[in-house]
Protein chains: 2
Amino acid sequence: MSDTPITVVIVDDHQIFRTGLRAELGPEVDVVGEAATVDEAVSIIPTLEPAVVLLDVHLPGGSGGGGAEVLQRLAADSRLSDTRFLALSVSDAADDVVSVIRAGARGYLTKTASGAEVTQAAIRVRDGDAVFSPRLAGFVLDAFGTGGGETASADDELDRLTAREQEVMRMIARGYAYKEVAAELFLSIKTVETHVSSVLRKLQLSNRHELTAWALSKRLL
Amino acid sequence: MSDTPITVVIVDDHQIFRTGLRAELGPEVDVVGEAATVDEAVSIIPTLEPAVVLLDVHLPGGSGGGGAEVLQRLAADSRLSDTRFLALSVSDAADDVVSVIRAGARGYLTKTASGAEVTQAAIRVRDGDAVFSPRLAGFVLDAFGTGGGETASADDELDRLTAREQEVMRMIARGYAYKEVAAELFLSIKTVETHVSSVLRKLQLSNRHELTAWALSKRLL
DNA sequence: CTCACCATCAGGGATCACCCTGAGCCCACC
DNA sequence: GGTGGGCTCAGGGTGATCCCTGATGGTGAG
């Protein structure tokens with residue numbers, strides 16, 4: 001515990017929530033920046049080098065990966081070796097928790113938490129603890145406890161897709177026609193076809209309906 | 001538009017959000033009370049008689065009915081004949097919107113709205129307008145708009161499908177190929193095609209992906 | 001009985017989905 | 001400077017999807 005405030009960046013797409021969080025956080029923390037989208041977060045966090053990032057799980061922007069995408073895209077940044085991420089979400093859905101924790105978050109609070117609770121959680125995360133909302137604690141132990149060392153399997157398949165493939169995959173899984181994807185991403189239909197074929201082959205699926213089911217099961221939509 | 005501020009009650013289970021909303025709302029509104037649960041809301045709103053209630057759709061307490069339950073339990077209260085309800089939610093799910101609007105809310109904003117937008121919406125709702133987030137507007141018109149007095153109910157479209165058409169529709173919406181449906185129901189592929197065409201025409205949809213989305217929105221899968 | 005509606009199926013055509021091969025470009029890595 | 005991978009696009013093909021027209025037989029209402 002140092003005497004200087006903990007520097008914090010708030011990442012949330014709701015302006016009202018960001019304002020409320022700023023007001024509710026105690027003097028132990030110093031909000032040095034805010035971001036409302038995945039891209040904004042990826043842009044400002046490395047320059048601000050905060051001690052803790054309060055990260056909303058459901059975020060617009062980027063390629064649709066939400067808070068987990070922020071973690072993935074910043075994972076390799078050496079400037080952030082001392083930065084901890086604390087996930088905040090209205091959701092207590094198992095898959096949301098698992099994906100963001102797998103991506104590197106050190107804690108997970110639901111937005112029912114008070115400002116004081118978030119403040120204390122930020123302090124504990126800064127000091128290396130992992131913090132979870134009480135009713136998630138047991139569940140988290142279930143999900144990670146038995147699994148020993150490697151988690152591997154879950155995002156393994158997704159990681160084998162390139163960035164462009166993931167982008168196309170999400171739209172196809174949502175039911176967009178090839179021509180719609182092409183128009184949206186400024187590609188030719190043939191390029192979209194190529195990406196879709198790659199995705200289906202890599203995931204060992206045979207059509208877009210199986211892809212939709214797969215994406216739903218992985219909470220990618 | 002009067003010169004006196006609009007009296008407002010905020011109903012939301014997140015303290016941080018309530019604080020943020022208070023801070024972001026403009027001087028045109030005067031927050032006279034807050035509630036965090038269904039029961040609290042039902043208790044305080046009749047005594048405060050606010051002009052507008054900003055009502056979260058997902059609320060704890062009561063019998064689990066969320067914001068819609070608040071509306072139902074206060075519907076008969078004569079003290080609230082001049083009180084308007086404006087729903088706020090992180091969700092833009094069709095069912096959430098429909099249920100709370102049916103229960104009597106005069107508008108629906110997603111929590112991505114800024115404080116200024118909420119302020120303006122509160123003013124318009126107080127003046128009798130209905131206010132919806134832009135991307136919900138079209139959808140709401142679809143669900144309620146064309147029908148004058150009657151909402152014509154959700155099952156109306158479904159009832160227009162024959163038994164066989166519904167059977168085929170469910171399988172198509174689940175992603176079955178025509179030949180698979182044909183094999184499962186002991187029909188020729190051509191018959192399946194006919195039924196699918198009828199379904200799409202009756203529901204004014206253009207392909208199986210829209211059908212899947214439609215069926216999901218109606219919870220038929 | 002007639003008429004409307006439903007379920008069944010066919011032919012034919014337009015479009016879309018998916019696959020395979022091949023190719024040019026850029027960029028990072030060795 | 002070659003080598004590999006990712007992104008882009010094309011041609012050509014097969015099967016699936018969707019629409020339109022048209023036909024048969026059954027069934028219940030008037």
# chains A, B, ... in the order shown; residues from 1 in each chain; ligands from 1
>>> interface_residues(of="chain A", to="chain B", cutoff="7 Å", atoms="only C-alpha atoms", output="PDB file with C-alpha atoms, in the first residue's frame")
ATOM      1  CA  ASP A  13     -19.603   2.585 -23.065  1.00  0.00           C
ATOM      2  CA  HIS A  14     -22.106   4.295 -20.780  1.00  0.00           C
ATOM      3  CA  GLN A  15     -21.223   7.868 -20.040  1.00  0.00           C
ATOM      4  CA  ILE A  16     -23.619   7.949 -17.111  1.00  0.00           C
ATOM      5  CA  PHE A  17     -21.976   4.946 -15.539  1.00  0.00           C
ATOM      6  CA  THR A  19     -19.583   9.641 -14.298  1.00  0.00           C
ATOM      7  CA  GLY A  20     -21.202   7.740 -11.463  1.00  0.00           C
ATOM      8  CA  LEU A  21     -18.170   5.574 -10.935  1.00  0.00           C
ATOM      9  CA  GLU A  24     -18.418   7.064  -6.108  1.00  0.00           C
ATOM     10  CA  LYS A 111     -22.280  -3.506 -11.262  1.00  0.00           C
ATOM     11  CA  THR A 112     -24.386  -3.933  -8.184  1.00  0.00           C
ATOM     12  CA  SER A 114     -21.002   0.128  -4.448  1.00  0.00           C
ATOM     13  CA  GLY A 115     -18.314   2.678  -5.108  1.00  0.00           C
ATOM     14  CA  GLY A 175     -26.838 -14.308 -40.822  1.00  0.00           C
ATOM     15  CA  HIS A 209     -25.764 -22.689 -39.490  1.00  0.00           C
TER      16      HIS A 209
END
>>> interface_residues(of="chain B", to="chain C", cutoff="9 Å", atoms="only C-alpha atoms (C1' of nucleotides)", output="list of chain:residue names")
B:Thr162, B:Arg164, B:Leu187, B:Ser188, B:Ile189, B:Lys190, B:Thr191
>>> write_last_selection(atoms="C-alpha atoms", output="short mmCIF file (atom, residue, chain, number, x, y, z; two decimals), in the first residue's frame")
data_model
loop_
_atom_site.label_atom_id
_atom_site.label_comp_id
_atom_site.auth_asym_id
_atom_site.auth_seq_id
_atom_site.Cartn_x
_atom_site.Cartn_y
_atom_site.Cartn_z
CA THR B 162 -50.99 -23.73 -40.76
CA ARG B 164 -47.75 -28.09 -41.22
CA LEU B 187 -42.12 -35.30 -47.61
CA SER B 188 -40.66 -34.47 -50.97
CA ILE B 189 -38.18 -31.61 -51.15
CA LYS B 190 -40.63 -29.75 -53.35
CA THR B 191 -43.31 -29.84 -50.67
#
>>> closest_residue(among="D:DT27, D:DT14, D:DT21, D:DT8", to="chain A", atoms="only C-alpha atoms (C1' of nucleotides)")
D:DT8
>>> interface_residues(of="chain D", to="chain B", cutoff="12 Å", atoms="only C-alpha atoms (C1' of nucleotides)", output="PyMOL selection string")
chain D and resi 15-20
>>> atom_distance(atom1="atom CA of B:Ala122", atom2="atom CA of B:Ala41")
17.9 Å
>>> select_by_dssp(residues="stretch 21-94 of chain B", states="helix (DSSP H, G or I)", output="ChimeraX atom specification")
/B:21-24,38-48,66-74,78-80,94
>>> residues_around(residues="stretch 202-205 of chain B", least_positions_apart="6", cutoff="10 Å", atoms="only C-alpha atoms (C1' of nucleotides)", output="ChimeraX atom specification")
/B:157-158,160-161,196,211,214
>>> decode(residues="stretch 23-54 of chain B", atoms="N, CA and C atoms", output="PDB file, in the first residue's frame")
ATOM      1  N   ALA B  23     -25.776  13.143 -11.592  1.00  0.00           N
ATOM      2  CA  ALA B  23     -24.761  14.121 -11.960  1.00  0.00           C
ATOM      3  C   ALA B  23     -24.909  14.574 -13.402  1.00  0.00           C
ATOM      4  N   GLU B  24     -25.377  13.684 -14.252  1.00  0.00           N
ATOM      5  CA  GLU B  24     -25.412  13.993 -15.679  1.00  0.00           C
ATOM      6  C   GLU B  24     -26.688  14.718 -16.101  1.00  0.00           C
ATOM      7  N   LEU B  25     -27.732  14.553 -15.322  1.00  0.00           N
ATOM      8  CA  LEU B  25     -28.993  15.181 -15.696  1.00  0.00           C
ATOM      9  C   LEU B  25     -28.867  16.701 -15.604  1.00  0.00           C
ATOM     10  N   GLY B  26     -29.511  17.390 -16.513  1.00  0.00           N
ATOM     11  CA  GLY B  26     -29.416  18.840 -16.561  1.00  0.00           C
ATOM     12  C   GLY B  26     -30.271  19.505 -15.500  1.00  0.00           C
ATOM     13  N   PRO B  27     -30.163  20.827 -15.400  1.00  0.00           N
ATOM     14  CA  PRO B  27     -30.892  21.580 -14.377  1.00  0.00           C
ATOM     15  C   PRO B  27     -32.404  21.600 -14.634  1.00  0.00           C
ATOM     16  N   GLU B  28     -32.808  21.125 -15.824  1.00  0.00           N
ATOM     17  CA  GLU B  28     -34.248  21.119 -16.119  1.00  0.00           C
ATOM     18  C   GLU B  28     -34.985  20.102 -15.251  1.00  0.00           C
ATOM     19  N   VAL B  29     -34.252  19.171 -14.671  1.00  0.00           N
ATOM     20  CA  VAL B  29     -34.920  18.152 -13.872  1.00  0.00           C
ATOM     21  C   VAL B  29     -34.419  18.205 -12.425  1.00  0.00           C
ATOM     22  N   ASP B  30     -35.291  17.794 -11.535  1.00  0.00           N
ATOM     23  CA  ASP B  30     -34.980  17.805 -10.109  1.00  0.00           C
ATOM     24  C   ASP B  30     -35.224  16.401  -9.550  1.00  0.00           C
ATOM     25  N   VAL B  31     -34.164  15.731  -9.179  1.00  0.00           N
ATOM     26  CA  VAL B  31     -34.286  14.371  -8.678  1.00  0.00           C
ATOM     27  C   VAL B  31     -34.787  14.429  -7.238  1.00  0.00           C
ATOM     28  N   VAL B  32     -36.021  13.971  -7.035  1.00  0.00           N
ATOM     29  CA  VAL B  32     -36.612  14.083  -5.705  1.00  0.00           C
ATOM     30  C   VAL B  32     -36.566  12.765  -4.931  1.00  0.00           C
ATOM     31  N   GLY B  33     -36.131  11.696  -5.582  1.00  0.00           N
ATOM     32  CA  GLY B  33     -36.056  10.438  -4.861  1.00  0.00           C
ATOM     33  C   GLY B  33     -35.380   9.359  -5.679  1.00  0.00           C
ATOM     34  N   GLU B  34     -34.974   8.287  -4.975  1.00  0.00           N
ATOM     35  CA  GLU B  34     -34.337   7.151  -5.629  1.00  0.00           C
ATOM     36  C   GLU B  34     -34.906   5.877  -5.034  1.00  0.00           C
ATOM     37  N   ALA B  35     -34.895   4.822  -5.821  1.00  0.00           N
ATOM     38  CA  ALA B  35     -35.269   3.505  -5.312  1.00  0.00           C
ATOM     39  C   ALA B  35     -34.396   2.469  -5.980  1.00  0.00           C
ATOM     40  N   ALA B  36     -34.104   1.392  -5.254  1.00  0.00           N
ATOM     41  CA  ALA B  36     -33.198   0.365  -5.762  1.00  0.00           C
ATOM     42  C   ALA B  36     -33.897  -0.948  -6.048  1.00  0.00           C
ATOM     43  N   THR B  37     -35.138  -1.089  -5.573  1.00  0.00           N
ATOM     44  CA  THR B  37     -35.848  -2.348  -5.774  1.00  0.00           C
ATOM     45  C   THR B  37     -37.291  -2.064  -6.180  1.00  0.00           C
ATOM     46  N   VAL B  38     -37.970  -3.115  -6.601  1.00  0.00           N
ATOM     47  CA  VAL B  38     -39.378  -2.996  -6.971  1.00  0.00           C
ATOM     48  C   VAL B  38     -40.189  -2.493  -5.779  1.00  0.00           C
ATOM     49  N   ASP B  39     -39.965  -3.087  -4.633  1.00  0.00           N
ATOM     50  CA  ASP B  39     -40.765  -2.723  -3.468  1.00  0.00           C
ATOM     51  C   ASP B  39     -40.515  -1.289  -3.029  1.00  0.00           C
ATOM     52  N   GLU B  40     -39.263  -0.893  -3.042  1.00  0.00           N
ATOM     53  CA  GLU B  40     -38.951   0.494  -2.711  1.00  0.00           C
ATOM     54  C   GLU B  40     -39.654   1.462  -3.644  1.00  0.00           C
ATOM     55  N   ALA B  41     -39.598   1.124  -4.944  1.00  0.00           N
ATOM     56  CA  ALA B  41     -40.202   2.011  -5.936  1.00  0.00           C
ATOM     57  C   ALA B  41     -41.701   2.141  -5.701  1.00  0.00           C
ATOM     58  N   VAL B  42     -42.345   1.007  -5.484  1.00  0.00           N
ATOM     59  CA  VAL B  42     -43.796   1.021  -5.275  1.00  0.00           C
ATOM     60  C   VAL B  42     -44.136   1.795  -4.011  1.00  0.00           C
ATOM     61  N   SER B  43     -43.229   1.775  -3.059  1.00  0.00           N
ATOM     62  CA  SER B  43     -43.466   2.450  -1.791  1.00  0.00           C
ATOM     63  C   SER B  43     -43.340   3.968  -1.906  1.00  0.00           C
ATOM     64  N   ILE B  44     -42.301   4.429  -2.566  1.00  0.00           N
ATOM     65  CA  ILE B  44     -42.022   5.871  -2.506  1.00  0.00           C
ATOM     66  C   ILE B  44     -42.662   6.687  -3.617  1.00  0.00           C
ATOM     67  N   ILE B  45     -42.876   6.076  -4.768  1.00  0.00           N
ATOM     68  CA  ILE B  45     -43.345   6.869  -5.912  1.00  0.00           C
ATOM     69  C   ILE B  45     -44.706   7.523  -5.654  1.00  0.00           C
ATOM     70  N   PRO B  46     -45.679   6.802  -5.061  1.00  0.00           N
ATOM     71  CA  PRO B  46     -46.978   7.455  -4.841  1.00  0.00           C
ATOM     72  C   PRO B  46     -46.906   8.636  -3.887  1.00  0.00           C
ATOM     73  N   THR B  47     -46.000   8.608  -2.938  1.00  0.00           N
ATOM     74  CA  THR B  47     -45.915   9.727  -2.007  1.00  0.00           C
ATOM     75  C   THR B  47     -45.169  10.908  -2.610  1.00  0.00           C
ATOM     76  N   LEU B  48     -44.247  10.638  -3.518  1.00  0.00           N
ATOM     77  CA  LEU B  48     -43.471  11.715  -4.116  1.00  0.00           C
ATOM     78  C   LEU B  48     -44.187  12.330  -5.314  1.00  0.00           C
ATOM     79  N   GLU B  49     -45.037  11.550  -5.955  1.00  0.00           N
ATOM     80  CA  GLU B  49     -45.771  12.012  -7.136  1.00  0.00           C
ATOM     81  C   GLU B  49     -44.883  12.752  -8.124  1.00  0.00           C
ATOM     82  N   PRO B  50     -43.818  12.141  -8.575  1.00  0.00           N
ATOM     83  CA  PRO B  50     -42.929  12.824  -9.521  1.00  0.00           C
ATOM     84  C   PRO B  50     -43.603  12.959 -10.885  1.00  0.00           C
ATOM     85  N   ALA B  51     -43.098  13.889 -11.680  1.00  0.00           N
ATOM     86  CA  ALA B  51     -43.617  14.035 -13.043  1.00  0.00           C
ATOM     87  C   ALA B  51     -43.147  12.882 -13.916  1.00  0.00           C
ATOM     88  N   VAL B  52     -41.929  12.450 -13.680  1.00  0.00           N
ATOM     89  CA  VAL B  52     -41.350  11.387 -14.505  1.00  0.00           C
ATOM     90  C   VAL B  52     -40.590  10.405 -13.608  1.00  0.00           C
ATOM     91  N   VAL B  53     -40.744   9.128 -13.894  1.00  0.00           N
ATOM     92  CA  VAL B  53     -39.954   8.098 -13.232  1.00  0.00           C
ATOM     93  C   VAL B  53     -39.003   7.488 -14.250  1.00  0.00           C
ATOM     94  N   LEU B  54     -37.708   7.536 -13.958  1.00  0.00           N
ATOM     95  CA  LEU B  54     -36.709   6.872 -14.799  1.00  0.00           C
ATOM     96  C   LEU B  54     -36.537   5.468 -14.244  1.00  0.00           C
TER      97      LEU B  54
END
